[in-house]
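Text of the file target_5.txt, holding compact mmCIF, C-alpha atoms:
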```txt
# COMPACT_ATOMS: atom_id res chain seq x y z
CA MET A 206 66.22 79.73 79.82
CA LEU A 207 64.04 76.63 80.30
CA PHE A 208 65.23 76.26 83.93
CA ARG A 209 64.39 79.91 84.66
CA ARG A 210 60.97 79.55 83.01
CA THR A 211 60.25 76.41 85.07
CA LEU A 212 61.18 78.18 88.30
CA ARG A 213 58.99 81.17 87.46
CA THR A 214 55.94 79.17 86.46
CA SER A 215 56.34 76.76 89.37
CA ALA A 216 56.50 79.67 91.78
CA ALA A 217 53.43 81.23 90.20
CA ALA A 218 51.56 77.95 90.48
CA LEU A 219 52.52 77.64 94.16
CA VAL A 220 51.20 81.12 94.90
CA LEU A 221 47.93 80.20 93.19
CA LEU A 222 47.58 76.96 95.14
CA LEU A 223 47.94 78.49 98.61
CA PRO A 224 44.49 80.14 98.80
CA PHE A 225 42.94 77.11 97.12
CA ALA A 226 44.37 74.80 99.78
CA ALA A 227 43.19 77.11 102.55
CA ALA A 228 39.67 77.27 101.13
CA CYS A 229 39.37 73.54 100.78
CA GLY A 230 41.15 72.51 103.96
CA SER A 231 38.85 73.99 106.56
CA GLU A 232 35.50 74.10 104.79
CA ALA A 233 35.43 71.00 102.62
CA GLN A 234 37.57 68.32 104.21
CA ALA A 235 35.32 65.67 102.69
CA GLU A 236 35.86 67.08 99.19
CA SER A 237 39.51 67.16 98.15
CA PRO A 238 40.73 69.22 95.15
CA SER A 239 41.53 66.01 93.26
CA SER A 240 37.86 65.02 93.43
CA VAL A 241 36.76 68.24 91.67
CA THR A 242 36.14 68.42 87.93
CA LEU A 243 35.21 71.77 86.40
CA LYS A 244 33.44 71.68 83.05
CA VAL A 245 34.45 74.95 81.38
CA GLY A 246 33.41 76.53 78.09
CA ALA A 247 35.58 78.22 75.45
CA THR A 248 34.51 80.21 72.38
CA GLY A 249 36.11 79.91 68.94
CA TRP A 250 39.07 77.82 70.05
CA LYS A 251 40.33 76.69 73.44
CA VAL A 252 42.54 79.73 73.94
CA GLU A 253 42.35 79.66 77.75
CA GLU A 254 43.44 76.03 77.86
CA ALA A 255 46.28 76.84 75.45
CA VAL A 256 47.57 79.89 77.33
CA LEU A 257 47.58 78.00 80.64
CA LYS A 258 49.63 75.21 79.10
CA TYR A 259 52.00 77.67 77.42
CA ALA A 260 52.65 79.49 80.71
CA GLY A 261 53.09 76.24 82.64
CA LEU A 262 50.01 76.90 84.77
CA ASP A 263 47.87 73.97 83.64
CA ASP A 264 48.99 71.77 86.56
CA THR A 265 45.79 72.32 88.54
CA PRO A 266 45.08 70.12 91.59
CA TYR A 267 41.56 69.70 90.20
CA ARG A 268 40.52 68.48 86.76
CA VAL A 269 39.32 70.80 84.00
CA LYS A 270 37.25 69.57 81.08
CA TRP A 271 37.19 72.17 78.30
CA SER A 272 34.40 72.27 75.70
CA GLN A 273 34.43 74.42 72.58
CA PHE A 274 31.47 76.51 71.37
CA GLN A 275 30.82 79.01 68.57
CA GLY A 276 29.58 81.66 71.01
CA GLY A 277 29.01 82.60 74.62
CA ASP A 278 25.28 82.23 74.06
CA GLN A 279 25.77 78.49 73.47
CA GLN A 280 27.90 78.28 76.60
CA LEU A 281 25.12 79.80 78.71
CA GLN A 282 22.65 77.36 77.16
CA ALA A 283 24.99 74.55 78.22
CA VAL A 284 25.11 75.96 81.77
CA ARG A 285 21.31 76.08 81.84
CA ALA A 286 21.25 72.43 80.70
CA GLY A 287 23.78 71.36 83.34
CA ALA A 288 26.48 70.52 80.77
CA LEU A 289 28.89 73.28 81.92
CA ASP A 290 29.95 74.53 85.34
CA LEU A 291 31.71 77.70 84.20
CA ALA A 292 31.02 79.78 81.09
CA SER A 293 32.94 82.70 79.59
CA SER A 294 31.06 85.22 77.49
CA SER A 295 30.48 88.86 76.74
CA GLU A 296 27.91 90.79 78.77
CA ILE A 297 25.07 89.79 76.44
CA PRO A 298 24.49 85.99 76.71
CA PRO A 299 23.76 85.99 80.48
CA VAL A 300 21.09 88.64 79.86
CA PHE A 301 19.12 86.36 77.55
CA ALA A 302 19.81 83.23 79.59
CA ALA A 303 18.45 84.97 82.70
CA ALA A 304 15.47 86.44 80.87
CA ASP A 305 14.45 83.00 79.63
CA GLY A 306 13.09 81.65 82.92
CA GLU A 307 14.64 81.25 86.36
CA PRO A 308 18.46 81.25 85.93
CA ASN A 309 20.50 78.47 87.53
CA PHE A 310 23.74 80.47 87.39
CA LYS A 311 25.36 83.64 88.68
CA VAL A 312 27.91 85.99 87.13
CA VAL A 313 30.88 85.61 89.48
CA ALA A 314 33.75 87.57 87.95
CA VAL A 315 34.80 89.83 85.09
CA GLN A 316 37.68 89.26 82.71
CA ARG A 317 38.79 92.50 81.11
CA GLY A 318 39.73 91.95 77.49
CA ALA A 319 40.21 93.49 74.09
CA THR A 320 37.31 94.37 71.81
CA LEU A 321 39.18 93.82 68.54
CA ASN A 322 37.86 91.57 65.73
CA GLN A 323 34.29 92.58 66.61
CA GLU A 324 33.16 93.87 63.23
CA VAL A 325 30.58 94.25 60.50
CA VAL A 326 32.18 93.07 57.26
CA VAL A 327 31.11 92.97 53.62
CA PRO A 328 32.42 90.53 50.99
CA LYS A 329 35.10 91.31 48.47
CA GLY A 330 33.72 93.47 45.67
CA SER A 331 30.84 94.91 47.71
CA LYS A 332 29.86 98.51 46.98
CA VAL A 333 28.88 99.07 50.62
CA THR A 334 31.41 101.32 52.34
CA GLY A 335 29.67 102.12 55.61
CA ILE A 336 26.84 101.16 57.94
CA ALA A 337 24.40 103.54 56.24
CA GLY A 338 24.83 101.49 53.07
CA LEU A 339 23.25 98.47 54.77
CA LYS A 340 19.75 99.92 54.53
CA GLY A 341 17.44 97.39 52.87
CA ARG A 342 20.17 94.74 52.73
CA LYS A 343 20.48 91.27 54.23
CA VAL A 344 22.75 91.41 57.25
CA GLY A 345 23.79 88.29 59.15
CA TYR A 346 24.51 88.59 62.87
CA VAL A 347 25.11 86.29 65.81
CA GLN A 348 21.97 86.59 67.90
CA ASN A 349 22.17 87.38 71.64
CA THR A 350 25.91 88.14 71.50
CA THR A 351 28.19 91.16 71.15
CA ALA A 352 27.51 91.13 67.41
CA HIS A 353 23.79 91.67 68.04
CA TYR A 354 24.54 94.58 70.38
CA PHE A 355 27.18 96.47 68.40
CA LEU A 356 25.25 96.06 65.15
CA TYR A 357 22.23 97.68 66.80
CA GLU A 358 24.33 100.51 68.20
CA LEU A 359 26.10 101.08 64.85
CA LEU A 360 22.75 101.27 63.07
CA LYS A 361 21.56 103.90 65.56
CA GLN A 362 24.74 105.91 65.04
CA ALA A 363 24.09 105.83 61.28
CA GLY A 364 20.50 107.03 61.75
CA LEU A 365 18.98 103.66 60.94
CA LYS A 366 16.52 101.44 62.77
CA TRP A 367 16.83 97.69 63.19
CA SER A 368 13.83 97.37 60.85
CA ASP A 369 15.80 99.20 58.13
CA ILE A 370 17.85 96.06 57.51
CA ASP A 371 16.85 92.48 56.73
CA ALA A 372 18.49 90.95 59.82
CA LYS A 373 19.40 87.26 59.62
CA PRO A 374 20.42 85.47 62.86
CA LEU A 375 23.25 83.05 62.08
CA LEU A 376 26.00 81.23 63.94
CA PRO A 377 29.51 82.53 63.14
CA ASN A 378 30.48 79.67 60.81
CA ASP A 379 27.10 79.73 59.06
CA GLY A 380 27.35 83.49 58.69
CA LEU A 381 30.80 83.18 57.19
CA ALA A 382 29.55 80.63 54.65
CA ALA A 383 26.53 82.82 53.83
CA LEU A 384 28.77 85.84 53.28
CA GLY A 385 31.06 83.91 50.97
CA GLY A 386 28.12 82.37 49.13
CA GLY A 387 26.37 85.68 48.53
CA SER A 388 23.17 84.93 50.45
CA ILE A 389 23.81 87.87 52.81
CA ASP A 390 25.27 91.28 52.06
CA ALA A 391 27.11 91.80 55.35
CA LEU A 392 27.99 89.95 58.54
CA ALA A 393 28.28 91.16 62.13
CA SER A 394 30.45 88.70 64.01
CA TYR A 395 33.62 88.28 66.07
CA GLY A 396 36.82 86.33 66.61
CA THR A 397 37.98 83.67 64.19
CA SER A 398 35.01 84.18 61.85
CA ILE A 399 36.10 87.79 61.28
CA ILE A 400 39.74 86.75 60.86
CA THR A 401 38.71 84.19 58.24
CA ALA A 402 36.39 86.67 56.50
CA HIS A 403 39.31 89.06 56.04
CA GLN A 404 41.43 86.23 54.67
CA GLN A 405 38.69 85.74 52.07
CA GLY A 406 38.83 89.40 51.05
CA ALA A 407 36.09 90.89 53.25
CA THR A 408 36.37 94.53 54.32
CA THR A 409 35.24 96.26 57.50
CA VAL A 410 32.35 98.75 57.39
CA GLY A 411 31.74 99.01 61.14
CA SER A 412 33.43 98.03 64.40
CA GLY A 413 32.34 97.32 67.95
CA ARG A 414 35.78 98.24 69.30
CA ASP A 415 34.68 101.47 70.98
CA ILE A 416 31.09 100.36 71.63
CA LEU A 417 31.81 97.28 73.71
CA SER A 418 32.94 97.69 77.32
CA GLY A 419 35.67 95.06 77.31
CA ASN A 420 33.94 93.28 80.21
CA PHE A 421 33.82 89.55 79.56
CA LEU A 422 31.92 87.64 82.19
CA TRP A 423 32.50 84.39 84.02
CA SER A 424 29.21 82.72 84.92
CA ALA A 425 29.09 79.78 87.32
CA ARG A 426 26.32 77.27 87.82
CA ASP A 427 24.66 77.61 91.23
CA SER A 428 25.88 74.15 92.23
CA VAL A 429 29.48 75.38 91.91
CA LEU A 430 28.84 78.17 94.39
CA GLU A 431 27.30 75.69 96.83
CA SER A 432 30.52 73.66 96.96
CA PRO A 433 33.52 75.29 98.75
CA ALA A 434 35.96 73.10 96.80
CA GLN A 435 34.39 73.85 93.41
CA LYS A 436 34.13 77.53 94.25
CA ALA A 437 37.81 77.65 95.18
CA ALA A 438 38.69 75.79 92.00
CA ALA A 439 36.74 78.27 89.86
CA ALA A 440 38.50 81.23 91.49
CA ASP A 441 41.87 79.53 91.10
CA LEU A 442 41.29 78.80 87.40
CA ILE A 443 40.19 82.36 86.61
CA ALA A 444 43.24 83.71 88.43
CA ARG A 445 45.57 81.32 86.58
CA ILE A 446 44.34 82.66 83.25
CA THR A 447 45.21 86.20 84.35
CA LYS A 448 48.69 85.01 85.43
CA ALA A 449 49.15 83.17 82.13
CA TYR A 450 48.45 86.28 80.06
CA ALA A 451 50.84 88.26 82.25
CA TYR A 452 53.48 85.66 81.37
CA VAL A 453 52.72 86.09 77.66
CA ARG A 454 53.06 89.88 77.90
CA ASP A 455 56.39 89.49 79.69
CA GLY A 456 58.34 88.92 76.49
CA HIS A 457 56.73 85.63 75.45
CA GLU A 458 54.43 86.86 72.70
CA ASP A 459 56.21 85.02 69.88
CA GLY A 460 55.61 81.54 71.24
CA PHE A 461 51.95 82.10 71.96
CA ALA A 462 51.45 83.82 68.61
CA LYS A 463 52.70 80.61 66.96
CA ILE A 464 50.16 78.56 68.92
CA THR A 465 47.41 81.04 67.99
CA ALA A 466 48.37 81.04 64.31
CA ASP A 467 48.26 77.24 64.16
CA ALA A 468 44.87 77.12 65.91
CA THR A 469 43.23 79.87 63.84
CA HIS A 470 44.89 79.08 60.49
CA GLN A 471 46.32 82.56 59.93
CA PRO A 472 49.81 83.84 59.09
CA LEU A 473 52.16 84.03 62.08
CA ALA A 474 52.84 87.73 61.55
CA GLN A 475 49.12 88.52 61.64
CA ALA A 476 48.56 86.38 64.72
CA ARG A 477 51.39 88.13 66.54
CA LYS A 478 50.10 91.57 65.55
CA ASP A 479 46.57 90.70 66.73
CA LEU A 480 47.93 89.35 70.03
CA VAL A 481 50.09 92.39 70.72
CA ASP A 482 47.35 94.80 69.64
CA ALA A 483 44.82 93.07 71.89
CA GLN A 484 47.06 93.06 74.95
CA THR A 485 48.02 96.68 74.30
CA GLN A 486 44.41 97.82 73.97
CA ARG A 487 43.26 96.07 77.13
CA PRO A 488 45.45 93.50 78.94
CA THR A 489 43.57 90.30 79.73
CA GLN A 490 43.04 90.21 83.48
CA ALA A 491 40.32 89.20 85.91
CA ARG A 492 38.64 91.35 88.54
CA PRO A 493 35.95 90.65 91.12
CA ALA A 494 32.31 91.56 90.59
CA GLY A 495 31.48 95.16 91.46
CA ALA A 496 28.82 97.86 91.15
CA ASP A 497 30.42 99.35 88.03
CA THR A 498 30.51 96.03 86.16
CA ILE A 499 26.86 95.40 87.03
CA ALA A 500 25.95 98.90 85.81
CA SER A 501 27.78 98.24 82.53
CA GLN A 502 25.74 95.13 81.86
CA GLN A 503 22.53 96.91 82.85
CA LYS A 504 23.19 99.43 80.07
CA VAL A 505 23.44 96.56 77.59
CA ALA A 506 20.26 94.91 78.87
CA ASP A 507 18.37 98.21 78.58
CA ALA A 508 19.50 98.52 74.94
CA PHE A 509 18.01 95.10 74.16
CA THR A 510 14.78 96.10 75.89
CA GLU A 511 14.71 99.22 73.70
CA LEU A 512 15.32 97.05 70.64
CA GLY A 513 12.44 94.79 71.63
CA ALA A 514 14.63 91.71 71.96
CA LEU A 515 13.70 91.56 75.66
CA LYS A 516 10.06 91.64 76.67
CA GLY A 517 10.59 94.10 79.50
CA HIS A 518 13.06 95.59 81.95
CA LEU A 519 15.56 93.09 83.34
CA ASP A 520 17.33 93.84 86.62
CA VAL A 521 20.73 92.26 85.95
CA LYS A 522 21.98 92.48 89.52
CA SER A 523 19.56 89.65 90.31
CA PHE A 524 21.96 87.17 88.68
CA TRP A 525 25.27 88.60 89.93
CA THR A 526 27.02 87.54 93.12
CA THR A 527 30.11 88.55 95.08
CA ALA A 528 30.41 85.01 96.47
CA LEU A 529 33.64 84.43 94.53
CA ASN A 530 35.24 87.79 95.32
CA ALA A 531 37.19 86.74 98.43
CA ASP A 532 38.55 83.56 96.83
CA LEU A 533 39.42 85.41 93.62
CA ARG A 534 41.25 88.23 95.43
CA LYS A 535 43.33 85.64 97.32
CA SER A 536 44.14 83.76 94.11
CA LEU A 537 45.06 86.90 92.21
```

Written as structure tokens, that's how I'd like the structure from this file.
Amino acid sequence: MLFRRTLRTSAAALVLLLPFAAACGSEAQAESPSSVTLKVGATGWKVEEAVLKYAGLDDTPYRVKWSQFQGGDQQLQAVRAGALDLASSSEIPPVFAAADGEPNFKVVAVQRGATLNQEVVVPKGSKVTGIAGLKGRKVGYVQNTTAHYFLYELLKQAGLKWSDIDAKPLLPNDGLAALGGGSIDALASYGTSIITAHQQGATTVGSGRDILSGNFLWSARDSVLESPAQKAAAADLIARITKAYAYVRDGHEDGFAKITADATHQPLAQARKDLVDAQTQRPTQARPAGADTIASQQKVADAFTELGALKGHLDVKSFWTTALNADLRKSL
């Protein structure tokens, strides 16, 4: 079994390396893959790093330095500050990062993914049973993220305005502590904070599952796109993550569920269920930038303009590029 797995993952890695070698060989002879270091962000826990290692696809010819953040908004801030080369986020953080001055990044690819564990929760014992019950209450949310967006959309669906709640911007961990301590009545958040909230007895009163598009964006610093070797490395890494999740779905869910359970401090059975449910709802896979993905983010940006969170109309296509499309298609 181990020999077969090694052959499969080695073959997959070889396929991934071919376009990378071609891209670097002719255009950047002075910059070898081994000289490239990509500084890459991860939200919640370093799941991308873990899945690559699990699938045997972490043997990149370039170096990857992973950094952990509580949200995609913090990743985009790190890109703006020059601390990250590649950020992964929902559609929302790049909107605010681009609106806050001249952006030094471009959205280069889309990773399709599940929209589970994107919820509004209330603490154990709460009498609130739905979004309408939040009127006049203190609601924590993660500003400039999916939580901000789906909370706004859920309020509209319930016939409420943003001003009908006492909205409190909080980071996921701070929001979780505030919910448990009773200083807020509800929390709109995502990922491990929602998993932990449920472990503490919280119940769901609203979900972003069918509101969010499932488009998670890869944003690269402009300097990455100016370097053929770094650009090829970014495309290769994004493609490897798609290959790694394909490996997980091919009968290897149990092993990765164990890794997930250990990292997120949840029961193995729950971690496996969440993993299978997520990959069933929307298999994790990358795709190049396109007109439809740009239009999807434009819809989100327009909602924030309507909310008043953006000062005016933002044309999102101004910070998208197809510069990575050819390299990504080759790597995939």

Polymer residues at most 10 Å from (25.2, 96.3, 76.1) by all atoms listed in the file, as a ChimeraX atom specification: /A:295-297,300,350-351,353-355,357-358,416-418,501-509

May I have the protein, DNA and RNA residues with any atom at most 12 Å from the point (44.2, 89.0, 55.6), counting all atoms listed in the file, written as a list of chain:residue names?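 Here is the list of nearby residues: A:Lys329, A:Thr397, A:Ile399, A:Ile400, A:Thr401, A:Ala402, A:His403, A:Gln404, A:Gln405, A:Gly406, A:Ala407, A:Thr408, A:Thr409, A:His470, A:Gln471, A:Pro472, A:Leu473, A:Ala474, A:Gln475, A:Ala476, A:Lys478, A:Asp479.
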
Next, the residues of the selection above should be written as a CSV table (one decimal), in the coordinates of the input with C-alpha atoms.
```
chain,number,residue,atom,x,y,z
A,329,LYS,CA,35.1,91.3,48.5
A,397,THR,CA,38.0,83.7,64.2
A,399,ILE,CA,36.1,87.8,61.3
A,400,ILE,CA,39.7,86.8,60.9
A,401,THR,CA,38.7,84.2,58.2
A,402,ALA,CA,36.4,86.7,56.5
A,403,HIS,CA,39.3,89.1,56.0
A,404,GLN,CA,41.4,86.2,54.7
A,405,GLN,CA,38.7,85.7,52.1
A,406,GLY,CA,38.8,89.4,51.0
A,407,ALA,CA,36.1,90.9,53.2
A,408,THR,CA,36.4,94.5,54.3
A,409,THR,CA,35.2,96.3,57.5
A,470,HIS,CA,44.9,79.1,60.5
A,471,GLN,CA,46.3,82.6,59.9
A,472,PRO,CA,49.8,83.8,59.1
A,473,LEU,CA,52.2,84.0,62.1
A,474,ALA,CA,52.8,87.7,61.6
A,475,GLN,CA,49.1,88.5,61.6
A,476,ALA,CA,48.6,86.4,64.7
A,478,LYS,CA,50.1,91.6,65.6
A,479,ASP,CA,46.6,90.7,66.7
```

Between A:Tyr259, A:Val410, A:Tyr267, A:Arg285, single out the one closest to Val333 in chain A, counting all atoms listed in the file.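 Selected residue with least distance to Val333 in chain A: A:Val410.
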
Of the candidates A:Arg426, A:Lys366, A:Lys463, A:Arg268, which one gets nearest to Asn309 in chain A if we count only C-alpha atoms? A:Arg426

From the list A:Leu529, A:Ile389, A:Ala372, A:Ala302, which residue is nearest Ala286 in chain A when using only C-alpha atoms? A:Ala302

Neighbour list for Ser388 in chain A as a list in words, cut-off 10 Å, only C-alpha atoms, skip fewer than 3 positions in-chain: Lys343, Val344, Gly345, Gly380, Ala382, Ala383, Leu384, Gly385 and Ala391 of chain A

Prev. selection, C-alpha atoms, output as a PDB file, in the frame of the given file:
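Output saved as again37.pdb:
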```pdb
ATOM      1  CA  LYS A 343      20.480  91.270  54.230  1.00  0.00           C
ATOM      2  CA  VAL A 344      22.750  91.410  57.250  1.00  0.00           C
ATOM      3  CA  GLY A 345      23.790  88.290  59.150  1.00  0.00           C
ATOM      4  CA  GLY A 380      27.350  83.490  58.690  1.00  0.00           C
ATOM      5  CA  ALA A 382      29.550  80.630  54.650  1.00  0.00           C
ATOM      6  CA  ALA A 383      26.530  82.820  53.830  1.00  0.00           C
ATOM      7  CA  LEU A 384      28.770  85.840  53.280  1.00  0.00           C
ATOM      8  CA  GLY A 385      31.060  83.910  50.970  1.00  0.00           C
ATOM      9  CA  ALA A 391      27.110  91.800  55.350  1.00  0.00           C
TER      10      ALA A 391
END
```
